[in-house]
file data36.cif (mmCIF, C-alpha atoms)
data_data
loop_
_atom_site.label_atom_id
_atom_site.label_comp_id
_atom_site.auth_asym_id
_atom_site.auth_seq_id
_atom_site.Cartn_x
_atom_site.Cartn_y
_atom_site.Cartn_z
CA MET Z 36 -45.31 28.05 -11.95
CA TYR Z 37 -46.72 29.13 -15.27
CA PHE Z 38 -46.59 26.81 -18.26
CA GLY Z 39 -48.02 27.28 -21.71
CA ALA Z 40 -47.57 27.87 -25.39
CA GLN Z 41 -48.57 30.17 -28.19
CA ILE Z 42 -49.24 27.84 -31.14
CA SER Z 43 -50.04 28.52 -34.80
CA LEU Z 44 -51.12 25.98 -37.40
CA TYR Z 45 -50.39 26.74 -41.06
CA PRO Z 46 -52.03 24.49 -43.68
CA MET Z 47 -50.62 25.32 -47.14
CA THR Z 48 -53.95 25.11 -48.96
CA ASP Z 49 -56.69 27.44 -50.23
CA ASN Z 50 -58.90 25.65 -47.66
CA PHE Z 51 -56.67 26.60 -44.72
CA VAL Z 52 -59.60 27.89 -42.67
CA GLY Z 53 -61.42 24.57 -43.01
CA VAL Z 54 -58.36 22.52 -42.06
CA ILE Z 55 -57.67 24.73 -39.02
CA MET Z 56 -61.28 24.71 -37.81
CA SER Z 57 -61.45 20.95 -38.12
CA ALA Z 58 -58.09 20.39 -36.37
CA LEU Z 59 -59.18 22.59 -33.45
CA GLY Z 60 -61.61 19.81 -32.53
CA ALA Z 61 -58.59 17.80 -31.38
CA LEU Z 62 -58.25 20.24 -28.46
CA ASP Z 63 -61.67 19.28 -27.05
CA PRO Z 64 -60.47 16.48 -24.72
CA TYR Z 65 -58.04 18.96 -23.12
CA ARG Z 66 -60.36 21.93 -22.66
CA GLU Z 67 -61.09 21.26 -19.00
CA GLN Z 68 -57.39 21.23 -18.15
CA LEU Z 69 -56.34 24.21 -20.25
CA ARG Z 70 -56.99 27.90 -20.63
CA ILE Z 71 -57.35 28.41 -24.37
CA GLU Z 72 -57.48 31.79 -26.13
CA THR Z 73 -57.29 32.42 -29.87
CA ASP Z 74 -56.57 35.51 -31.93
CA ASP Z 75 -55.54 35.97 -35.56
CA LEU Z 76 -51.87 35.15 -34.85
CA SER Z 77 -51.94 32.19 -32.47
CA THR Z 78 -53.77 30.10 -29.93
CA LEU Z 79 -52.67 30.27 -26.30
CA LEU Z 80 -52.68 27.06 -24.25
CA VAL Z 81 -52.03 27.38 -20.50
CA GLY Z 82 -51.90 24.35 -18.20
CA PRO Z 83 -49.58 21.54 -17.17
CA PRO Z 84 -47.04 20.31 -19.73
CA GLU Z 85 -48.69 16.88 -19.79
CA ALA Z 86 -51.81 18.53 -21.27
CA VAL Z 87 -50.32 21.45 -23.26
CA ILE Z 88 -47.88 19.35 -25.32
CA PRO Z 89 -50.28 16.48 -26.18
CA ALA Z 90 -52.97 19.04 -27.08
CA MET Z 91 -50.72 20.77 -29.61
CA ARG Z 92 -49.56 17.38 -30.85
CA ASP Z 93 -53.10 16.10 -31.44
CA MET Z 94 -54.14 19.31 -33.19
CA PHE Z 95 -51.13 19.10 -35.51
CA VAL Z 96 -51.65 15.38 -36.20
CA ALA Z 97 -55.31 16.04 -37.05
CA ALA Z 98 -54.22 18.61 -39.64
CA ALA Z 99 -51.37 16.43 -40.96
CA LYS Z 100 -53.71 13.48 -41.49
CA THR Z 101 -55.64 15.49 -44.09
CA GLY Z 102 -52.55 14.95 -46.26
CA VAL Z 103 -52.08 18.69 -46.78
CA HIS Z 104 -48.61 20.19 -46.24
CA CYS Z 105 -48.91 21.91 -42.89
CA THR Z 106 -46.64 23.32 -40.24
CA LEU Z 107 -46.94 24.08 -36.56
CA SER Z 108 -45.09 26.99 -35.01
CA ALA Z 109 -44.96 27.17 -31.22
CA THR Z 110 -43.46 29.31 -28.48
CA ILE Z 111 -43.46 27.09 -25.38
CA SER Z 112 -42.60 28.68 -22.04
CA ARG Z 113 -42.29 27.79 -18.38
CA GLY Z 114 -41.44 29.87 -15.34
CA CYS Z 115 -41.46 33.25 -17.11
CA PRO Z 116 -40.97 35.84 -14.32
CA GLY Z 117 -43.46 38.11 -16.12
CA GLU Z 118 -46.33 35.61 -15.70
CA PRO Z 119 -48.38 34.98 -12.50
CA HIS Z 120 -48.42 31.71 -10.59
CA ASP Z 121 -51.28 29.52 -11.85
CA SER Z 122 -52.06 26.32 -9.98
CA ARG Z 123 -53.62 24.97 -13.17
CA CYS Z 124 -50.03 24.54 -14.41
CA ASP Z 125 -48.78 22.53 -11.41
CA SER Z 126 -47.00 19.39 -12.57
CA PRO Z 127 -44.89 16.63 -11.01
CA GLN Z 128 -42.49 17.27 -13.91
CA LEU Z 129 -41.69 20.74 -12.53
CA ASP Z 130 -41.57 19.92 -8.85
CA GLY Z 131 -38.74 19.45 -6.40
CA PRO Z 132 -35.05 20.27 -6.59
CA LEU Z 133 -32.83 20.00 -9.68
CA ALA Z 134 -31.89 16.33 -10.05
CA PRO Z 135 -28.46 15.26 -11.39
CA LEU Z 136 -28.21 15.59 -15.18
CA ALA Z 137 -27.85 11.83 -15.83
CA GLU Z 138 -31.03 11.14 -13.86
CA ARG Z 139 -32.96 13.74 -15.85
CA GLN Z 140 -31.63 12.36 -19.14
CA ALA Z 141 -32.72 8.82 -18.18
CA HIS Z 142 -36.18 10.10 -17.25
CA ALA Z 143 -36.45 11.95 -20.56
CA LEU Z 144 -35.50 8.81 -22.50
CA GLN Z 145 -38.15 6.79 -20.68
CA ALA Z 146 -40.76 9.33 -21.70
CA VAL Z 147 -39.84 8.98 -25.38
CA LEU Z 148 -39.86 5.18 -25.16
CA GLN Z 149 -43.35 5.25 -23.66
CA ALA Z 150 -44.75 7.68 -26.25
CA PRO Z 151 -47.76 6.50 -28.28
CA ASP Z 152 -47.30 5.66 -31.97
CA LEU Z 153 -49.61 8.04 -33.82
CA ALA Z 154 -48.76 6.83 -37.36
CA CYS Z 155 -47.86 10.38 -38.35
CA GLU Z 156 -44.33 11.09 -39.58
CA ILE Z 157 -43.13 14.64 -38.96
CA ALA Z 158 -39.97 16.73 -39.15
CA ALA Z 159 -39.25 19.40 -36.57
CA GLN Z 160 -36.59 21.82 -35.44
CA PHE Z 161 -36.37 23.56 -32.10
CA SER Z 162 -34.23 25.79 -29.94
CA LEU Z 163 -34.13 25.38 -26.17
CA TYR Z 164 -33.46 28.53 -24.16
CA VAL Z 165 -32.56 28.48 -20.46
CA MET Z 166 -32.59 31.96 -18.93
CA GLY Z 167 -31.24 33.44 -15.74
CA THR Z 168 -28.21 31.17 -15.35
CA ASP Z 169 -24.64 31.42 -16.58
CA ASP Z 170 -24.48 27.68 -17.40
CA HIS Z 171 -27.29 27.63 -19.94
CA MET Z 172 -25.18 25.93 -22.61
CA ASP Z 173 -24.43 23.00 -20.23
CA GLU Z 174 -28.14 22.34 -19.95
CA ILE Z 175 -28.60 22.65 -23.72
CA TYR Z 176 -25.74 20.22 -24.42
CA GLY Z 177 -27.22 17.91 -21.78
CA CYS Z 178 -30.49 17.96 -23.69
CA ILE Z 179 -28.72 17.24 -27.00
CA ASP Z 180 -26.97 14.26 -25.38
CA PHE Z 181 -30.37 12.92 -24.36
CA LEU Z 182 -31.66 13.40 -27.90
CA LYS Z 183 -28.71 11.44 -29.33
CA GLN Z 184 -30.08 8.41 -27.46
CA SER Z 185 -33.74 9.12 -28.17
CA GLY Z 186 -34.10 7.88 -31.74
CA VAL Z 187 -35.65 11.17 -32.90
CA LEU Z 188 -32.50 13.27 -33.39
CA ASP Z 189 -31.96 14.07 -37.05
CA ARG Z 190 -29.06 16.56 -37.06
CA PRO Z 191 -27.86 19.82 -35.57
CA LYS Z 192 -28.55 22.98 -37.58
CA ASN Z 193 -27.42 26.52 -36.96
CA PHE Z 194 -29.39 27.94 -34.00
CA CYS Z 195 -31.53 24.81 -33.59
CA THR Z 196 -31.69 21.02 -33.53
CA ARG Z 197 -33.58 19.01 -36.12
CA LEU Z 198 -35.77 16.07 -35.10
CA GLY Z 199 -37.69 13.51 -37.12
CA GLY Z 200 -39.97 10.56 -36.52
CA ASP Z 201 -43.47 9.77 -35.37
CA ALA Z 202 -45.32 12.74 -33.88
CA GLY Z 203 -45.80 10.74 -30.64
CA ALA Z 204 -42.07 10.32 -30.05
CA VAL Z 205 -41.04 13.76 -31.33
CA LEU Z 206 -43.50 15.62 -29.11
CA ALA Z 207 -42.62 13.42 -26.12
CA ALA Z 208 -38.98 14.39 -26.66
CA LEU Z 209 -39.92 18.07 -26.78
CA GLU Z 210 -42.00 17.78 -23.59
CA ALA Z 211 -39.02 16.12 -21.89
CA ALA Z 212 -36.68 18.79 -23.26
CA ILE Z 213 -38.58 21.70 -21.77
CA CYS Z 214 -39.41 19.96 -18.48
CA SER Z 215 -36.10 18.20 -17.72
CA PHE Z 216 -33.45 20.78 -18.63
CA GLY Z 217 -32.87 23.97 -16.67
CA PRO Z 218 -33.94 24.27 -13.01
CA PRO Z 219 -37.52 23.08 -12.26
CA GLN Z 220 -38.48 26.62 -11.16
CA GLY Z 221 -36.40 28.32 -13.88
CA HIS Z 222 -37.39 30.30 -16.97
CA VAL Z 223 -37.05 27.92 -19.93
CA THR Z 224 -38.54 28.24 -23.42
CA ILE Z 225 -38.67 26.38 -26.72
CA ASP Z 226 -39.01 27.90 -30.19
CA LEU Z 227 -40.51 25.09 -32.31
CA THR Z 228 -41.27 24.53 -35.99
CA ALA Z 229 -42.82 21.20 -37.05
CA SER Z 230 -43.74 20.13 -40.56
CA ALA Z 231 -45.73 17.32 -42.21
CA ASN Z 232 -46.31 16.35 -45.85
CA SER Z 233 -43.71 18.73 -47.27
CA PRO Z 234 -43.20 18.27 -51.02
CA THR Z 235 -39.63 19.60 -50.72
CA PRO Z 236 -36.79 17.05 -50.75
CA ARG Z 237 -34.77 17.27 -47.51
CA MET M 189 -19.74 37.22 -33.45
CA TYR M 190 -22.25 35.07 -35.25
CA PHE M 191 -25.56 36.52 -36.40
CA GLY M 192 -28.30 34.88 -38.41
CA ALA M 193 -31.76 33.46 -38.67
CA GLN M 194 -33.65 30.36 -39.64
CA ILE M 195 -36.69 31.66 -41.53
CA SER M 196 -39.77 29.92 -42.96
CA LEU M 197 -42.40 31.43 -45.23
CA TYR M 198 -45.89 29.90 -45.16
CA PRO M 199 -48.34 31.03 -47.88
CA MET M 200 -51.81 29.62 -47.14
CA THR M 201 -52.63 28.67 -50.73
CA ASP M 202 -52.57 25.61 -52.99
CA ASN M 203 -49.89 27.52 -54.94
CA PHE M 204 -47.58 27.84 -51.92
CA VAL M 205 -44.56 26.58 -53.87
CA GLY M 206 -45.03 29.27 -56.52
CA VAL M 207 -45.41 32.05 -53.96
CA ILE M 208 -42.31 30.91 -52.05
CA MET M 209 -40.16 30.53 -55.17
CA SER M 210 -41.18 33.97 -56.38
CA ALA M 211 -40.57 35.61 -52.98
CA LEU M 212 -37.09 34.09 -52.75
CA GLY M 213 -36.09 36.47 -55.56
CA ALA M 214 -36.26 39.27 -52.99
CA LEU M 215 -33.14 37.78 -51.36
CA ASP M 216 -31.04 38.38 -54.50
CA PRO M 217 -29.74 41.87 -53.56
CA TYR M 218 -28.43 40.42 -50.29
CA ARG M 219 -26.76 37.26 -51.60
CA GLU M 220 -23.24 38.71 -51.62
CA GLN M 221 -23.51 39.69 -47.96
CA LEU M 222 -25.17 36.53 -46.68
CA ARG M 223 -24.62 32.82 -46.40
CA ILE M 224 -27.94 31.27 -47.47
CA GLU M 225 -28.87 27.59 -47.12
CA THR M 226 -32.32 26.05 -47.62
CA ASP M 227 -33.83 22.73 -46.61
CA ASP M 228 -37.44 21.57 -46.35
CA LEU M 229 -37.96 23.26 -42.96
CA SER M 230 -36.30 26.66 -43.24
CA THR M 231 -33.82 28.95 -44.93
CA LEU M 232 -30.68 29.94 -43.03
CA LEU M 233 -29.42 33.51 -43.40
CA VAL M 234 -26.02 34.32 -41.86
CA GLY M 235 -24.48 37.79 -42.01
CA PRO M 236 -24.73 41.19 -40.33
CA PRO M 237 -28.11 42.20 -38.86
CA GLU M 238 -28.37 45.10 -41.30
CA ALA M 239 -28.56 42.52 -44.13
CA VAL M 240 -30.28 39.55 -42.43
CA ILE M 241 -33.31 41.49 -41.15
CA PRO M 242 -34.00 43.50 -44.35
CA ALA M 243 -33.56 40.30 -46.41
CA MET M 244 -36.24 38.45 -44.43
CA ARG M 245 -38.40 41.58 -44.50
CA ASP M 246 -38.21 41.93 -48.28
CA MET M 247 -38.94 38.24 -48.83
CA PHE M 248 -42.00 38.43 -46.58
CA VAL M 249 -43.23 41.66 -48.20
CA ALA M 250 -42.87 40.08 -51.66
CA ALA M 251 -45.10 37.20 -50.54
CA ALA M 252 -47.57 39.48 -48.75
CA LYS M 253 -48.00 41.67 -51.83
CA THR M 254 -49.48 38.70 -53.72
CA GLY M 255 -52.50 39.27 -51.44
CA VAL M 256 -52.38 35.71 -50.15
CA HIS M 257 -52.55 35.11 -46.38
CA CYS M 258 -48.98 34.29 -45.46
CA THR M 259 -46.86 34.09 -42.35
CA LEU M 260 -43.17 34.26 -41.60
CA SER M 261 -41.66 32.29 -38.76
CA ALA M 262 -38.10 33.13 -37.73
CA THR M 263 -35.54 32.12 -35.14
CA ILE M 264 -33.08 35.02 -34.99
CA SER M 265 -29.86 34.55 -33.02
CA ARG M 266 -26.70 36.41 -32.12
CA GLY M 267 -23.67 35.42 -30.10
CA CYS M 268 -24.64 31.76 -29.63
CA PRO M 269 -21.64 30.14 -27.87
CA GLY M 270 -22.17 27.03 -30.01
CA GLU M 271 -21.45 28.92 -33.25
CA PRO M 272 -18.02 29.96 -34.60
CA HIS M 273 -16.86 33.53 -35.07
CA ASP M 274 -17.67 34.68 -38.62
CA SER M 275 -16.34 38.06 -39.78
CA ARG M 276 -19.17 38.19 -42.31
CA CYS M 277 -21.43 38.99 -39.34
CA ASP M 278 -19.37 41.92 -38.00
CA SER M 279 -21.59 44.93 -37.41
CA PRO M 280 -21.27 48.36 -35.81
CA GLN M 281 -24.53 47.47 -34.04
CA LEU M 282 -22.78 44.72 -32.07
CA ASP M 283 -19.53 46.47 -31.32
CA GLY M 284 -18.12 48.13 -28.24
CA PRO M 285 -19.19 48.06 -24.58
CA LEU M 286 -22.76 47.93 -23.29
CA ALA M 287 -24.11 51.50 -23.46
CA PRO M 288 -26.55 52.83 -20.82
CA LEU M 289 -30.11 51.59 -21.37
CA ALA M 290 -31.56 55.04 -22.14
CA GLU M 291 -28.95 55.57 -24.86
CA ARG M 292 -29.75 52.22 -26.46
CA GLN M 293 -33.49 52.93 -26.31
CA ALA M 294 -32.98 56.29 -28.04
CA HIS M 295 -30.87 54.65 -30.74
CA ALA M 296 -33.54 51.98 -31.28
CA LEU M 297 -36.25 54.65 -31.62
CA GLN M 298 -34.19 56.50 -34.23
CA ALA M 299 -33.91 53.29 -36.26
CA VAL M 300 -37.69 52.87 -36.32
CA LEU M 301 -38.24 56.53 -37.27
CA GLN M 302 -35.83 56.14 -40.18
CA ALA M 303 -37.38 52.91 -41.46
CA PRO M 304 -38.66 52.89 -45.05
CA ASP M 305 -42.42 52.83 -45.68
CA LEU M 306 -43.03 49.61 -47.63
CA ALA M 307 -46.83 50.01 -47.95
CA CYS M 308 -47.32 46.58 -46.44
CA GLU M 309 -49.32 46.28 -43.22
CA ILE M 310 -48.37 43.33 -41.03
CA ALA M 311 -49.03 41.93 -37.56
CA ALA M 312 -46.28 40.22 -35.60
CA GLN M 313 -45.51 38.75 -32.22
CA PHE M 314 -42.10 38.01 -30.79
CA SER M 315 -40.22 36.89 -27.72
CA LEU M 316 -36.79 38.29 -26.87
CA TYR M 317 -34.47 35.96 -24.96
CA VAL M 318 -31.27 37.16 -23.29
CA MET M 319 -29.13 34.26 -22.07
CA GLY M 320 -26.21 33.96 -19.69
CA THR M 321 -27.19 36.80 -17.34
CA ASP M 322 -29.30 36.97 -14.21
CA ASP M 323 -30.85 40.32 -15.22
CA HIS M 324 -32.45 39.15 -18.46
CA MET M 325 -35.88 40.48 -17.52
CA ASP M 326 -34.45 44.01 -17.03
CA GLU M 327 -33.26 43.98 -20.63
CA ILE M 328 -36.60 42.59 -21.83
CA TYR M 329 -38.56 45.27 -19.94
CA GLY M 330 -36.11 47.85 -21.34
CA CYS M 331 -36.97 46.66 -24.83
CA ILE M 332 -40.72 46.82 -24.11
CA ASP M 333 -40.29 50.41 -22.87
CA PHE M 334 -38.62 51.28 -26.18
CA LEU M 335 -41.49 49.64 -28.06
CA LYS M 336 -44.06 51.71 -26.13
CA GLN M 337 -42.52 54.81 -27.78
CA SER M 338 -42.00 53.20 -31.20
CA GLY M 339 -45.51 53.39 -32.67
CA VAL M 340 -45.51 49.66 -33.54
CA LEU M 341 -46.44 48.18 -30.15
CA ASP M 342 -49.87 46.58 -30.27
CA ARG M 343 -50.19 44.80 -26.90
CA PRO M 344 -48.49 42.34 -24.59
CA LYS M 345 -49.53 38.70 -24.87
CA ASN M 346 -48.57 35.74 -22.74
CA PHE M 347 -44.98 34.77 -23.55
CA CYS M 348 -44.60 37.40 -26.28
CA THR M 349 -45.25 40.97 -27.40
CA ARG M 350 -47.54 41.84 -30.27
CA LEU M 351 -46.56 44.47 -32.87
CA GLY M 352 -48.42 45.95 -35.81
CA GLY M 353 -47.79 48.46 -38.57
CA ASP M 354 -45.86 48.81 -41.79
CA ALA M 355 -43.36 46.02 -42.43
CA GLY M 356 -40.59 48.63 -42.66
CA ALA M 357 -41.16 49.95 -39.14
CA VAL M 358 -41.98 46.57 -37.56
CA LEU M 359 -38.83 44.89 -38.88
CA ALA M 360 -36.72 47.92 -37.94
CA ALA M 361 -38.07 47.59 -34.39
CA LEU M 362 -37.18 43.89 -34.34
CA GLU M 363 -33.65 44.57 -35.64
CA ALA M 364 -33.22 47.17 -32.91
CA ALA M 365 -34.64 44.77 -30.32
CA ILE M 366 -32.13 42.01 -31.00
CA CYS M 367 -29.15 44.36 -31.49
CA SER M 368 -29.72 46.87 -28.67
CA PHE M 369 -30.83 44.72 -25.71
CA GLY M 370 -28.51 42.34 -23.91
CA PRO M 371 -24.72 42.81 -23.97
CA PRO M 372 -23.23 43.41 -27.48
CA GLN M 373 -21.24 40.17 -27.21
CA GLY M 374 -24.03 38.25 -25.44
CA HIS M 375 -26.26 35.40 -26.57
CA VAL M 376 -29.60 36.92 -27.54
CA THR M 377 -32.40 35.42 -29.64
CA ILE M 378 -35.83 36.30 -31.01
CA ASP M 379 -38.68 33.90 -31.71
CA LEU M 380 -40.81 35.70 -34.33
CA THR M 381 -44.16 35.13 -36.03
CA ALA M 382 -45.37 37.68 -38.59
CA SER M 383 -48.62 37.61 -40.54
CA ALA M 384 -50.15 39.43 -43.51
CA ASN M 385 -53.60 39.29 -45.14
CA SER M 386 -55.21 37.19 -42.42
CA PRO M 387 -58.96 36.74 -42.91
CA THR M 388 -59.41 36.28 -39.14
CA PRO M 389 -60.73 39.23 -37.13
CA ARG M 390 -58.24 40.28 -34.46
#
call {"tool": "encode", "arguments": {"input": "data36.cif", "output": "structure tokens"}}
result
Amino acid sequence: MYFGAQISLYPMTDNFVGVIMSALGALDPYREQLRIETDDLSTLLVGPPEAVIPAMRDMFVAAAKTGVHCTLSATISRGCPGEPHDSRCDSPQLDGPLAPLAERQAHALQAVLQAPDLACEIAAQFSLYVMGTDDHMDEIYGCIDFLKQSGVLDRPKNFCTRLGGDAGAVLAALEAAICSFGPPQGHVTIDLTASANSPTPR
Amino acid sequence: MYFGAQISLYPMTDNFVGVIMSALGALDPYREQLRIETDDLSTLLVGPPEAVIPAMRDMFVAAAKTGVHCTLSATISRGCPGEPHDSRCDSPQLDGPLAPLAERQAHALQAVLQAPDLACEIAAQFSLYVMGTDDHMDEIYGCIDFLKQSGVLDRPKNFCTRLGGDAGAVLAALEAAICSFGPPQGHVTIDLTASANSPTPR
């Protein structure tokens, strides 16, 4: 299994370099669990979902708490056939056979309920892509049904689903979305945009 | 067929609202061909690929030419089974049966060769997702082979492919990527990040 993300943080301020450099400190507690590589376009995080997703969450929350309008763009991927196996990515969330949909939805809801409250309101939109199967829309609709119960669903948009709420709950929902829908060994990705402190009315 | 994109422009400056509002003017020549809707997270463009992709290109180039570091994030989608048919999106690029791969690659290369020179150097990375088939990686590798000939391939990265060059050629390559790989009536998406004027060394 290979799990990871390419993430980019965009602070809309003249001091964007300072905000980014400071927010990168939030990755420090995760450095032992993750492979981290940065270039001018994005930062790669490779490891288990239970480290990759909280790491990107904490980095984004650190930037959002400066009060500056900032966004996070992420390409999250698991099981890409073009990537090698990496035992660093092994996770109980991606183990075993495909459980019945209702069981996976209940597990996903539990994860959102147990998410920490980070006192950081965000908006987000994401697309979930399940490759290599001819029933990919069933899995996507199954994920949307879970989100309807989760408390973080805002509304559907063309090509994506909009979420809103505390960063703890929203990122827990996204971690559940990519781990619980599509086969555990399948190729599943998320295209994510998250935003904090936007001055634009919704 | 349904074709469109959710696009977001991020200028890294205190004056981000001014840069965005000014760049939106670049969409004006395309307004008759496109459905355009904006909220605080993104702008939706719906129409044929030959209008959607140049519209997002021109908006990004307008922002980049201010000299400010700015990025464009886009979720580009065609044939999503969850979207209605919209004749506004009809395109000769998405018509007819699936041609042999070599023919599609040659057509894609022609499109890049004929792209306008916009005197705007950009970097980009993207992921191409082909849903609903069990040979999605063949189409993705077919696209990468086309890019190797295109002059805009920079290097592979985990989960995505990095491009670089003039915005005219790079966006032409992306339009060819989403139109020419995967079945013409299939569900195909691109997750795109583009960047201009970054102060960060590569």
call {"tool": "atom_distance", "arguments": {"input": "data36.cif", "atom1": "atom CA of M:Phe191", "atom2": "atom CA of M:Leu212"}}
result
20.2 Å
call {"tool": "resolve_selection", "arguments": {"input": "data36.cif", "expression": "the PyMOL selection byres ((chain M) within 8 of (chain Z))", "output": "PyMOL selection string"}}
result
chain M and resi 193-194+198-204+227-229+232+261+263+265+268-269+271+311-313+317-325+346-347+379+381-383+386+388-390
call {"tool": "atom_distance", "arguments": {"input": "data36.cif", "atom1": "atom CA of Z:Met91", "atom2": "atom CA of M:Ile195"}}
result
21.4 Å
call {"tool": "resolve_selection", "arguments": {"input": "data36.cif", "expression": "the PyMOL selection byres ((chain M and resi 359) around 12)", "output": "ChimeraX atom specification"}}
result
/M:237-249,260,262,296,299-306,308-314,338,340,351-358,360-366,380-382
call {"tool": "closest_residue", "arguments": {"input": "data36.cif", "among": "Z:Gly53, Z:Gly186, Z:Gly60, Z:Pro83", "to": "Z:Pro127", "atoms": "only C-alpha atoms"}}
result
Z:Pro83
call {"tool": "atom_distance", "arguments": {"input": "data36.cif", "atom1": "atom CA of Z:Cys124", "atom2": "atom CA of Z:His142"}}
result
20.2 Å
call {"tool": "axis_aligned_box", "arguments": {"input": "data36.cif", "around": "stretch 304-320 of chain M", "padding_each_side": "5 Å", "output": "lines of an AutoDock Vina configuration file"}}
result
center_x = -37.8
center_y = 43.4
center_z = -33.8
size_x = 33.1
size_y = 28.9
size_z = 38.3
call {"tool": "closest_residue", "arguments": {"input": "data36.cif", "among": "M:Ile328, M:Ala294, M:Ala251, M:Leu286", "to": "M:Met209", "atoms": "only C-alpha atoms"}}
result
M:Ala251
call {"tool": "decode", "arguments": {"input": "data36.cif", "residues": "stretch 217-223 of chain Z", "atoms": "all heavy atoms", "output": "mmCIF file, in the first residue's frame"}}
result
data_model
loop_
_atom_site.group_PDB
_atom_site.id
_atom_site.type_symbol
_atom_site.label_atom_id
_atom_site.label_comp_id
_atom_site.auth_asym_id
_atom_site.auth_seq_id
_atom_site.Cartn_x
_atom_site.Cartn_y
_atom_site.Cartn_z
ATOM 1 N N GLY Z 217 -14.406 2.683 -1.653
ATOM 2 C CA GLY Z 217 -13.528 1.976 -2.583
ATOM 3 C C GLY Z 217 -12.854 0.829 -1.843
ATOM 4 O O GLY Z 217 -12.709 0.875 -0.617
ATOM 5 N N PRO Z 218 -12.415 -0.201 -2.573
ATOM 6 C CA PRO Z 218 -11.795 -1.370 -1.934
ATOM 7 C C PRO Z 218 -10.542 -0.974 -1.146
ATOM 8 O O PRO Z 218 -9.813 -0.060 -1.565
ATOM 9 C CB PRO Z 218 -11.413 -2.260 -3.119
ATOM 10 C CG PRO Z 218 -12.137 -1.712 -4.301
ATOM 11 C CD PRO Z 218 -12.438 -0.289 -4.041
ATOM 12 N N PRO Z 219 -10.283 -1.649 -0.007
ATOM 13 C CA PRO Z 219 -9.111 -1.296 0.827
ATOM 14 C C PRO Z 219 -7.792 -1.291 0.038
ATOM 15 O O PRO Z 219 -6.916 -0.488 0.319
ATOM 16 C CB PRO Z 219 -9.102 -2.390 1.899
ATOM 17 C CG PRO Z 219 -10.515 -2.851 1.991
ATOM 18 C CD PRO Z 219 -11.092 -2.718 0.609
ATOM 19 N N GLN Z 220 -7.677 -2.184 -0.949
ATOM 20 C CA GLN Z 220 -6.431 -2.231 -1.733
ATOM 21 C C GLN Z 220 -6.566 -1.446 -3.040
ATOM 22 O O GLN Z 220 -5.670 -1.481 -3.882
ATOM 23 C CB GLN Z 220 -6.062 -3.686 -2.073
ATOM 24 C CG GLN Z 220 -6.044 -4.616 -0.865
ATOM 25 C CD GLN Z 220 -5.094 -4.133 0.215
ATOM 26 O OE1 GLN Z 220 -4.010 -3.659 -0.101
ATOM 27 N NE2 GLN Z 220 -5.495 -4.227 1.475
ATOM 28 N N GLY Z 221 -7.668 -0.743 -3.239
ATOM 29 C CA GLY Z 221 -7.932 -0.067 -4.504
ATOM 30 C C GLY Z 221 -7.178 1.245 -4.661
ATOM 31 O O GLY Z 221 -6.501 1.720 -3.744
ATOM 32 N N HIS Z 222 -7.322 1.832 -5.848
ATOM 33 C CA HIS Z 222 -6.720 3.128 -6.169
ATOM 34 C C HIS Z 222 -7.790 4.197 -5.990
ATOM 35 O O HIS Z 222 -8.748 4.267 -6.770
ATOM 36 C CB HIS Z 222 -6.201 3.107 -7.616
ATOM 37 C CG HIS Z 222 -5.508 4.362 -8.059
ATOM 38 N ND1 HIS Z 222 -5.217 4.624 -9.376
ATOM 39 C CD2 HIS Z 222 -5.036 5.424 -7.358
ATOM 40 C CE1 HIS Z 222 -4.604 5.795 -9.463
ATOM 41 N NE2 HIS Z 222 -4.486 6.299 -8.255
ATOM 42 N N VAL Z 223 -7.656 4.986 -4.943
ATOM 43 C CA VAL Z 223 -8.664 5.988 -4.574
ATOM 44 C C VAL Z 223 -7.946 7.309 -4.322
ATOM 45 O O VAL Z 223 -6.878 7.323 -3.695
ATOM 46 C CB VAL Z 223 -9.438 5.554 -3.314
ATOM 47 C CG1 VAL Z 223 -10.520 6.570 -2.962
ATOM 48 C CG2 VAL Z 223 -10.063 4.168 -3.502
#
